[in-house]
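Working notes, beginning with the structure itself.
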Amino acid sequence: MKTTFYIILLAVMNAFAAYRMCAEWEPAIGTLIKWQLGIPIELVYELAKDDKLYVLLQNEVEQNDATYVFNFYNVNMDNVEFIFAPTNSHWTRDWGPVSLFDEAKMFIGDPIFDGYPWVSGGNKNLKGYEEDDLINTYVSEYLNIDYMHIPAYFTGGNTLTDGNGTIFFTEQMIDENLQIMGEDQFFKILEDSLGLSTIHVLPNPEIYGIQHIDCWVKMIDEETVLIKELPSWHPEYDSYINILNFFNSIQTCYGRDFNIYSIFSGSYNGNETAAYTNSLTLNKKVYVPLFGIPEDEAAIETYQNVMPGYDIVGIYYNNWYYYDALHCRTREIIDPEMIQIIHRIPDKFASGEDDFYISCKVNNYSNFPLDLDNSTLYYRINSSDWIGVTLTERNHSLEAIIPSQANGSIIDYYFEISNLNGKIQTKPEVAPDNYYSFTVNDLGIEDNGILDVKLKAYPNPFNPDTEISFILEKKSSVKLVILNAQGQVIKTLLNGSMPKGNHFVKLQADNSFSSGVYFCQIEIESKIGVEKILLLK
């Protein structure tokens with residue numbers, strides 16, 4: 001199996017790019033689907049509960065049919081809007097709108113779409129999907145959002161972005177575009193039209209299939225990914241290992257290692273395994289496809305632990321497939337009047353000798369000015385009550401000060417930004433149910449330069465044991481401990497001199513461990529490194 005992967009760096013950063021492609025977890029107004037339905041009515045009901053549901057259909061006859069069915073199942077029709085447009089298929093993910101922003105407003109990006117080249121040894125058999133290729137002109141007109149053509153194939157199910165100029169897709173994306181342009185020209189279009197300055201190309205994961213990345217990887221945030229783990233007997237098990245190795249070999253947009261989690265995907269039919277990563281993040285909810293197998297329950301629990309604060313909604317359907325599930329048949333519509341909050345996820349450690357200046361940049365795309373009197377940084381120390389501090393403008397950013405704290409203190413915080421029309425946006429998006437956090441350390445240790453070694457745990461999530469590995473460049477004094485979520489040491493694995501070389505330490509979760517987040521902390525000659533781990537019992 002081909003295992004080569006490569007990274008294209010088109011620019012050091014995309015701060016001056018004309019456009020920015022949005023991440024899936026950014027504020028959205030709703031979801032785009034198609035009638036006749038390719039999703040269960042239960043999902044229609046859930047999607048329309050709190051957000052807009054845009055339904056593509058051909059004519060008034062179909063509108064009457066859809067209205068009758070939706071009313072019968074008590075769908076919230078106040079949130080349903082119909083868009084008349086000819087369509088070929090229900091895969092709105094693949095040919096639906098790409099959400100882009102420049103400095104002032106949103107655009108509906110419209111790539112070329114011409115069906116699905118099922119790949120075996122690089123062969124392509126493209127089918128005609130002419131009507132689907134025109135859909136975004138209708139969506140742009142209906143939503144009154146400016147339209148922008150993207151002169152390249154850019155199939156939605158094979159794209160993952162962090163919203164900060166980084167894109168992930170498989171080699172199949174390059175194969176599709178080679179029929180109309182060279183590779184360099186394709187990458188140049190990604191940079192100029194989509195603001196994508198860092199391009200990660202993964203090897204095609206499937207022996208035979210459409211090679212879409214969303215059936216293998218789920219981006220949780222800029223630094224966290226969830227990867228489909230296959231049974232060891234599966235013929236594509238090596239692809240799971242290749243993807244793990246890939247994400248272990250690269251760094252995030254903040255120059256740090258990725259937080260990597262696996263989600264075990266059992267078989268629902270022979271070699272066909274559940275595509276749990278093929279889920280939809282929409283505002284504060286995550287809709288996860290379920291396959292009616294025992295692994296469904298553990299999959300929901302994994303999401304709950306990896307994405308705290310989100311409402312995890314499992315949707316069973318007997319027509320989800322390993323290559324085509326919930327994410328493939330839905331497309332989020334990003335809020336064109338969003339309040340975008342830009343904030344670098346903090347390092348895990350910071351010096352407590354001085355006050356902490358916490359800042360964010362805000363791009364206000366709404367039609368109303370920011371309400372700075374009601375824009376707040378909330379923080380707490382060691383899980384105490386939240387304290388609000390009004391943000392002030394400084395150097396084109398908003399800033400607040402958290403007073404210096406004692407060594408070992410855990411500081412949590414989040415942003416809440418308002419405009420004068422009462423619109424409120426938080427960062428993280430599900431705050432205060434989730435928040436940023438760092439630990440005060442009097443050595444001033446930063447996460448992106450803690451050690452010259454990498455601390456890794458595999459498998460992660462784990463049950464009942466995991467293996468922690470690290471490399472010593474020389475004989476050193478090593479202390480390896482396990483911390484709970486409150487930063488308390490609950491188990492010491494190593495405490496003494498260790499020789500140069502590779503080291504592997506097994507952590508067995510006995511009855512004193514409950515399900516949840518823990519931290520492996522290694523101290524090597526007064527320097528500290530940390531790896532987040534997740535126990536699922």
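Following the order of the structure tokens, chains are lettered A, B, ..., residues in each are numbered from 1, and ligands are numbered from 1.
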Residues near stretch 433-443 of chain A, anyone? I mean within 12 Å using only C-alpha atoms, not counting same-chain ones fewer than 5 positions away, as a VMD selection string. chain A and resid 284 304 to 311 343 to 356 358 377 to 383 386 402 to 416 426 to 428 450 485 to 488 526 to 530
Using only C-alpha atoms, pick whichever of A:His503, A:Lys105, A:Lys285, A:Lys228 has the shortest atom-to-atom distance to A:Glu473.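 Selected residue with least distance to A:Glu473: A:His503.
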How many Å separate atom CA of A:Ser197 from atom CA of A:Thr166? 6.3 Å
Give me the residues near A:Tyr147 as a list in words, where near means some atom within 10 Å (using only C-alpha atoms) and where sequence neighbours in that chain fewer than 6 positions away do not count.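 So the residues in contact are Pro97, Leu100, Met106, Phe107, Ile108, Gly109, Asp110, Asn136, Thr137, Tyr138, Val139, Ser140 and Glu141 of chain A.
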Tell me, as a VMD selection string, which residues lie within 8 Å of A:Glu131, counting only C-alpha atoms; anything in the same chain fewer than 5 positions away does not count. chain A and resid 86 to 88
